[in-house]
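Text of run_15.txt, listed as compact mmCIF, C-alpha atoms:
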# COMPACT_ATOMS: atom_id res chain seq x y z
CA MET A 15 138.43 68.88 106.13
CA SER A 16 135.77 71.41 105.06
CA GLU A 17 132.44 70.36 103.60
CA PRO A 18 132.21 70.59 99.76
CA GLU A 19 130.44 73.72 98.57
CA LEU A 20 127.77 74.04 95.91
CA THR A 21 129.01 75.29 92.57
CA VAL A 22 127.45 78.17 90.65
CA PRO A 23 126.01 75.76 88.02
CA GLU A 24 124.41 73.74 90.82
CA LEU A 25 122.85 76.91 92.23
CA ARG A 26 121.43 77.75 88.81
CA VAL A 27 119.96 74.25 88.53
CA LEU A 28 118.24 74.50 91.93
CA VAL A 29 116.63 77.82 90.96
CA ALA A 30 115.54 76.51 87.55
CA VAL A 31 113.98 73.34 88.98
CA GLU A 32 112.02 75.34 91.56
CA GLU A 33 110.82 77.91 89.04
CA GLU A 34 109.99 75.42 86.27
CA GLY A 35 108.45 72.83 88.60
CA GLY A 36 110.36 69.86 87.22
CA PHE A 37 113.67 68.48 86.01
CA THR A 38 112.72 68.21 82.32
CA ALA A 39 111.58 71.83 82.02
CA ALA A 40 114.62 73.02 83.99
CA ALA A 41 116.92 71.08 81.64
CA ALA A 42 115.28 72.68 78.59
CA ARG A 43 115.65 76.15 80.10
CA LEU A 44 119.33 75.63 80.93
CA GLY A 45 120.26 73.73 77.77
CA LEU A 46 121.21 70.62 79.74
CA THR A 47 120.13 67.00 79.71
CA GLN A 48 117.63 65.82 82.31
CA SER A 49 120.24 63.47 83.73
CA ALA A 50 122.64 66.41 84.21
CA VAL A 51 119.95 68.32 86.11
CA SER A 52 119.15 65.26 88.26
CA HIS A 53 122.84 64.81 89.00
CA ALA A 54 123.22 68.46 90.00
CA VAL A 55 120.23 68.27 92.36
CA ARG A 56 121.48 65.04 93.96
CA SER A 57 124.92 66.63 94.36
CA GLY A 58 123.37 69.66 96.04
CA GLU A 59 121.32 67.47 98.36
CA ARG A 60 124.39 65.47 99.30
CA LYS A 61 126.45 68.58 100.03
CA LEU A 62 123.68 70.23 102.05
CA GLY A 63 122.59 67.05 103.81
CA ALA A 64 118.89 67.52 103.06
CA VAL A 65 116.27 66.50 100.52
CA LEU A 66 115.51 69.62 98.49
CA PHE A 67 112.71 68.44 96.19
CA ASP A 68 109.83 66.02 96.41
CA ARG A 69 109.77 64.10 93.13
CA GLY A 70 106.58 62.63 91.75
CA ARG A 71 104.05 62.69 88.96
CA HIS A 72 103.49 66.35 89.70
CA GLY A 73 107.12 67.11 88.84
CA ALA A 74 109.44 68.46 91.52
CA ARG A 75 108.26 70.59 94.43
CA PRO A 76 110.65 72.12 96.95
CA THR A 77 110.66 70.77 100.48
CA PRO A 78 110.94 73.34 103.30
CA ALA A 79 114.72 72.84 103.14
CA GLY A 80 114.55 73.24 99.38
CA THR A 81 112.65 76.51 99.62
CA ARG A 82 115.31 77.91 101.92
CA ALA A 83 118.13 76.59 99.74
CA VAL A 84 116.65 78.08 96.56
CA GLY A 85 116.21 81.44 98.31
CA HIS A 86 119.88 81.46 99.27
CA ALA A 87 120.82 80.32 95.75
CA ARG A 88 118.98 83.25 94.18
CA ARG A 89 120.61 85.68 96.55
CA VAL A 90 124.11 84.29 95.83
CA LEU A 91 123.52 84.49 92.08
CA ARG A 92 122.25 88.05 92.47
CA LEU A 93 125.40 88.98 94.39
CA LEU A 94 127.50 87.59 91.56
CA GLU A 95 125.61 89.81 89.10
CA THR A 96 126.14 92.80 91.38
CA MET A 97 129.83 92.01 91.78
CA THR A 98 130.29 91.94 88.02
CA ALA A 99 128.56 95.29 87.54
CA GLU A 100 130.46 96.97 90.36
CA VAL A 101 133.85 95.60 89.34
CA ARG A 102 133.37 96.70 85.72
CA GLY A 103 132.41 100.16 86.96
CA ALA A 104 135.31 100.43 89.41
CA GLY A 105 137.16 102.90 87.20
CA ARG A 106 134.25 105.32 87.09
CA ALA A 107 133.23 107.87 89.69
CA ALA A 108 132.83 106.50 93.21
CA GLU A 109 129.17 107.50 93.27
CA THR A 110 128.32 105.62 90.07
CA VAL A 111 125.81 102.84 90.68
CA ALA A 112 124.43 100.88 87.75
CA GLY A 113 122.21 97.98 86.84
CA PRO A 114 118.74 96.71 87.73
CA VAL A 115 117.20 97.10 91.17
CA ARG A 116 114.37 94.61 91.69
CA ILE A 117 111.64 96.02 93.91
CA ALA A 118 108.58 94.22 95.26
CA ALA A 119 105.83 96.52 96.51
CA PHE A 120 102.18 96.27 97.46
CA ARG A 121 99.76 98.17 95.22
CA SER A 122 99.14 101.41 97.12
CA ALA A 123 102.84 101.83 97.98
CA ALA A 124 103.80 101.24 94.36
CA ALA A 125 101.23 103.80 93.23
CA HIS A 126 101.83 106.54 95.79
CA LEU A 127 105.23 106.12 97.48
CA LEU A 128 107.53 104.71 94.82
CA PRO A 129 107.16 107.11 91.85
CA ALA A 130 108.65 110.16 93.60
CA ALA A 131 111.32 108.08 95.33
CA LEU A 132 112.35 106.39 92.07
CA ALA A 133 112.43 109.73 90.27
CA ARG A 134 114.92 111.03 92.84
CA LEU A 135 116.93 107.81 92.72
CA THR A 136 117.26 107.70 88.94
CA ALA A 137 118.11 111.40 88.81
CA ARG A 138 120.98 110.75 91.19
CA HIS A 139 121.98 107.42 89.60
CA PRO A 140 120.84 107.49 85.96
CA GLU A 141 122.40 104.10 85.24
CA ILE A 142 120.07 102.35 87.68
CA THR A 143 117.10 100.52 86.16
CA PRO A 144 114.25 99.99 88.65
CA GLU A 145 112.17 96.86 88.09
CA VAL A 146 108.95 97.02 90.12
CA ARG A 147 106.57 94.11 90.70
CA ILE A 148 103.26 94.36 92.53
CA VAL A 149 103.02 91.70 95.25
CA ARG A 150 100.00 91.24 97.50
CA GLU A 151 100.86 91.82 101.15
CA LEU A 152 99.51 88.43 102.22
CA GLY A 153 101.38 85.52 103.77
CA ARG A 154 105.08 86.12 103.19
CA GLY A 155 104.28 89.16 101.05
CA THR A 156 106.98 91.50 99.81
CA ALA A 157 109.37 90.53 102.61
CA GLY A 158 109.12 86.92 101.47
CA GLU A 159 110.07 87.98 97.93
CA VAL A 160 113.27 89.50 99.34
CA ALA A 161 114.00 86.47 101.55
CA ASP A 162 113.48 84.15 98.58
CA GLY A 163 115.85 86.15 96.39
CA ARG A 164 113.20 87.36 93.93
CA ALA A 165 113.61 91.02 94.95
CA ASP A 166 116.47 93.18 96.19
CA LEU A 167 114.15 95.49 98.08
CA GLY A 168 110.63 95.10 99.43
CA ILE A 169 108.23 97.91 100.30
CA ALA A 170 106.39 96.25 103.15
CA THR A 171 103.97 96.84 106.00
CA LEU A 172 105.99 96.68 109.22
CA GLY A 173 105.24 96.35 112.90
CA GLY A 174 102.47 93.77 112.66
CA SER A 175 102.22 90.50 114.53
CA ASP A 176 104.00 88.46 111.85
CA PRO A 177 107.81 88.52 112.21
CA LEU A 178 110.01 89.17 109.19
CA PRO A 179 111.88 86.21 107.70
CA ARG A 180 115.24 85.65 109.34
CA GLY A 181 118.24 87.65 108.15
CA LEU A 182 116.40 90.68 106.75
CA LEU A 183 116.97 94.33 107.57
CA SER A 184 114.09 96.79 107.71
CA ALA A 185 113.22 100.36 108.59
CA THR A 186 109.91 102.20 108.78
CA VAL A 187 109.62 105.14 106.36
CA VAL A 188 106.08 106.34 107.14
CA THR A 189 103.45 105.58 109.75
CA GLU A 190 99.99 105.99 108.30
CA PRO A 191 96.64 106.20 110.12
CA TYR A 192 93.42 104.45 109.17
CA PHE A 193 90.26 106.39 108.29
CA LEU A 194 86.57 105.75 107.81
CA VAL A 195 85.60 106.27 104.18
CA HIS A 196 81.98 106.48 103.06
CA PRO A 197 79.77 108.02 100.34
CA VAL A 198 79.45 111.80 100.39
CA GLY A 199 76.36 113.13 102.14
CA HIS A 200 75.22 109.92 103.80
CA PRO A 201 73.32 110.83 107.00
CA ALA A 202 74.50 107.79 109.01
CA PRO A 203 77.67 106.40 107.41
CA ARG A 204 78.43 104.07 110.32
CA THR A 205 75.23 102.14 109.61
CA LEU A 206 76.35 101.21 106.08
CA PRO A 207 77.48 97.69 105.12
CA LEU A 208 81.21 97.12 105.56
CA ILE A 209 83.40 96.53 102.50
CA ASP A 210 86.83 95.04 103.11
CA TRP A 211 89.66 93.17 101.37
CA MET A 212 91.98 90.37 102.49
CA GLU A 213 95.10 92.52 102.30
CA ASN A 214 93.74 95.04 104.80
CA CYS A 215 96.44 94.42 107.41
CA GLY A 216 94.32 92.82 110.13
CA SER A 217 97.26 92.49 112.51
CA TYR A 218 97.41 96.29 112.80
CA THR A 219 93.70 96.85 113.32
CA ARG A 220 92.62 93.69 115.15
CA ALA A 221 92.62 94.95 118.75
CA TRP A 222 91.06 98.29 117.84
CA TRP A 223 88.53 96.61 115.55
CA ALA A 224 87.42 94.22 118.31
CA GLY A 225 86.61 97.14 120.60
CA GLN A 226 84.33 98.94 118.10
CA ASP A 227 80.75 97.75 118.52
CA TRP A 228 79.56 99.89 115.58
CA ILE A 229 81.59 97.94 112.99
CA PRO A 230 79.42 95.22 111.38
CA PRO A 231 80.67 91.94 109.91
CA VAL A 232 82.14 92.24 106.42
CA THR A 233 79.37 92.31 103.81
CA VAL A 234 81.55 92.46 100.69
CA ASP A 235 85.09 91.08 100.49
CA ALA A 236 86.74 92.71 97.45
CA GLU A 237 89.94 91.91 95.57
CA ASP A 238 92.01 94.92 96.62
CA ASP A 239 91.83 98.42 98.06
CA SER A 240 91.17 100.10 94.69
CA VAL A 241 88.06 97.95 94.22
CA VAL A 242 86.91 98.75 97.78
CA LEU A 243 87.30 102.48 97.14
CA SER A 244 85.36 102.24 93.88
CA MET A 245 82.52 100.36 95.58
CA VAL A 246 82.32 102.92 98.39
CA ALA A 247 82.25 105.69 95.76
CA GLN A 248 79.25 103.96 94.18
CA GLY A 249 77.37 104.11 97.50
CA MET A 250 77.61 100.37 98.27
CA GLY A 251 78.98 100.72 101.80
CA MET A 252 81.70 102.08 104.05
CA ALA A 253 85.28 100.92 104.59
CA ILE A 254 88.15 101.40 107.03
CA MET A 255 91.28 102.08 105.02
CA PRO A 256 94.89 103.27 105.51
CA ALA A 257 95.95 106.69 104.27
CA LEU A 258 97.98 105.44 101.30
CA ALA A 259 94.98 103.65 99.83
CA LEU A 260 93.00 106.91 100.01
CA MET A 261 95.43 109.16 98.15
CA SER A 262 93.48 108.71 94.94
CA ALA A 263 90.04 108.86 96.57
CA PRO A 264 87.35 110.37 94.31
CA ARG A 265 85.25 113.38 95.31
CA SER A 266 82.23 111.14 95.78
CA VAL A 267 83.61 109.80 99.08
CA THR A 268 84.13 111.40 102.47
CA ILE A 269 87.18 110.54 104.55
CA THR A 270 86.56 110.77 108.31
CA ASP A 271 89.12 110.71 111.12
CA LEU A 272 88.58 107.77 113.49
CA GLY A 273 89.69 109.81 116.49
CA GLU A 274 92.02 109.12 119.38
CA GLY A 275 93.36 105.58 119.49
CA ARG A 276 92.79 105.02 115.77
CA PRO A 277 94.88 102.22 114.29
CA THR A 278 98.05 102.92 112.31
CA ARG A 279 100.48 100.85 110.30
CA GLY A 280 104.14 101.28 109.44
CA VAL A 281 105.33 101.16 105.86
CA GLY A 282 109.02 100.82 105.08
CA TYR A 283 111.68 98.89 103.28
CA VAL A 284 113.01 95.36 103.71
CA THR A 285 116.29 94.13 102.27
CA THR A 286 119.09 91.69 102.97
CA ALA A 287 122.33 92.50 104.76
CA GLU A 288 124.36 91.73 101.65
CA MET A 289 122.23 93.95 99.39
CA ALA A 290 121.83 96.84 101.85
Once you've parsed the file, please lay out its structure as structure tokens.
Amino acid sequence: MSEPELTVPELRVLVAVEEEGGFTAAAARLGLTQSAVSHAVRSGERKLGAVLFDRGRHGARPTPAGTRAVGHARRVLRLLETMTAEVRGAGRAAETVAGPVRIAAFRSAAAHLLPAALARLTARHPEITPEVRIVRELGRGTAGEVADGRADLGIATLGGSDPLPRGLLSATVVTEPYFLVHPVGHPAPRTLPLIDWMENCGSYTRAWWAGQDWIPPVTVDAEDDSVVLSMVAQGMGMAIMPALALMSAPRSVTITDLGEGRPTRGVGYVTTAEMA
């Protein structure tokens, strides 16, 4: 006898509890009673054989099993939305694709890679509605948004030391080099203080960085690459930045090739097998 499967309403409850942080708020969002939400969560836990939420004064927080379950729940619900749109459009031309496409991208990719690509996509499929969110490429980053069902497609940095979440497909679209950027006209730019930011893909530059005795410890740790570039433009220091982040560099900075062996990073897409 097969194991009982979660129902669509139970999947919706799991997602709502995780997003709202508690049973009461999830019930209000779904128009249910709190007892109905509690029952649905207990039913899901029984069917999956795992505790999905830690209950307490703080509300309800997903356990590791719960995080994985909610990610799958979002992806199943998204597939149902896609099925509805595709079935309703079955009588139209075979090339017709419609509906929202949820994209998670880090800032420089969203600014410099996506606009042209989305222009071509919407010209070919005018019934597509891109929905772009900026996600910092830290921790699980854009790939984690796809794995957790919050995005259909992630524009991610690829090829680093951190593996992608299980079950995702990816491909590199561009490989970009890193450059030294510094104020125009400085006589000894490599003696300037170093400005950096947390998102600056350390896994790609770590080995190269360690072998460069001219690079000082970070003096200023900024919020993101646009802030770093602005600070360099104001003469506050130098930075080592990937090509995408430098596409909007002002004339007050000089971009210098780091020579043979310079670090590079891959940028590409991440999606799920079912959404590919």
For region 257-270 of chain A, please output as JSON, numbers by chain all residues within 12 Å (counting only C-alpha atoms; exclusion window: fewer than 2 positions along the same chain). {"A": [120, 121, 122, 123, 124, 125, 126, 127, 128, 171, 188, 189, 190, 191, 192, 193, 194, 195, 196, 197, 198, 199, 200, 201, 203, 204, 211, 213, 214, 238, 239, 240, 241, 242, 243, 244, 245, 246, 247, 248, 249, 250, 251, 252, 253, 254, 255, 272, 273, 276, 277, 278, 279, 280, 281]}
Nearest to Arg88 (chain A), chosen from A:Ala290, A:Leu183, A:Val29, A:Leu20, with only C-alpha atoms counted in the distances: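 When distances to Arg88 (chain A) are compared using only C-alpha atoms, the smallest one comes from A:Val29.
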A straight line from CA of Val149 (chain A) to CA of Glu24 (chain A) spans 28.3 Å
Can you tell me, as lines of an AutoDock Vina configuration file, the centre and edge lengths (Å, one decimal) of the axis-aligned box enclosing all of region 76-86 of chain A's listed atoms after padding each side by 3 Å?
center_x = 115.3
center_y = 76.1
center_z = 99.9
size_x = 15.2
size_y = 16.7
size_z = 12.7
If I take CA of Ala64 (chain A) and CA of Gln48 (chain A), how far is one from the other in Å, to one decimal? 20.9 Å
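Distance check against Pro256 (chain A) using all atoms listed in the file: of A:Asp210, A:Ala112, A:Val234, A:Thr47, the minimum falls on A:Asp210.
Proximity of A:Val90, A:Leu178, A:Ile117, A:Val55 to Ile148 (chain A), computed with all atoms listed in the file, is greatest for A:Ile117.
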Test item: residues at most 10 Å from Glu34 (chain A), all atoms listed in the file, excluding those fewer than 6 positions along its chain, as a ChimeraX atom specification: /A:40-43,73-75
CA of Pro177 (chain A) sits from CA of Gly153 (chain A) at a separation of 11.0 Å
Which residue gives the smallest distance to Thr186 (chain A) among A:Val22, A:Gln226, A:Gly282, A:Ser52, with all atoms listed in the file counted? A:Gly282
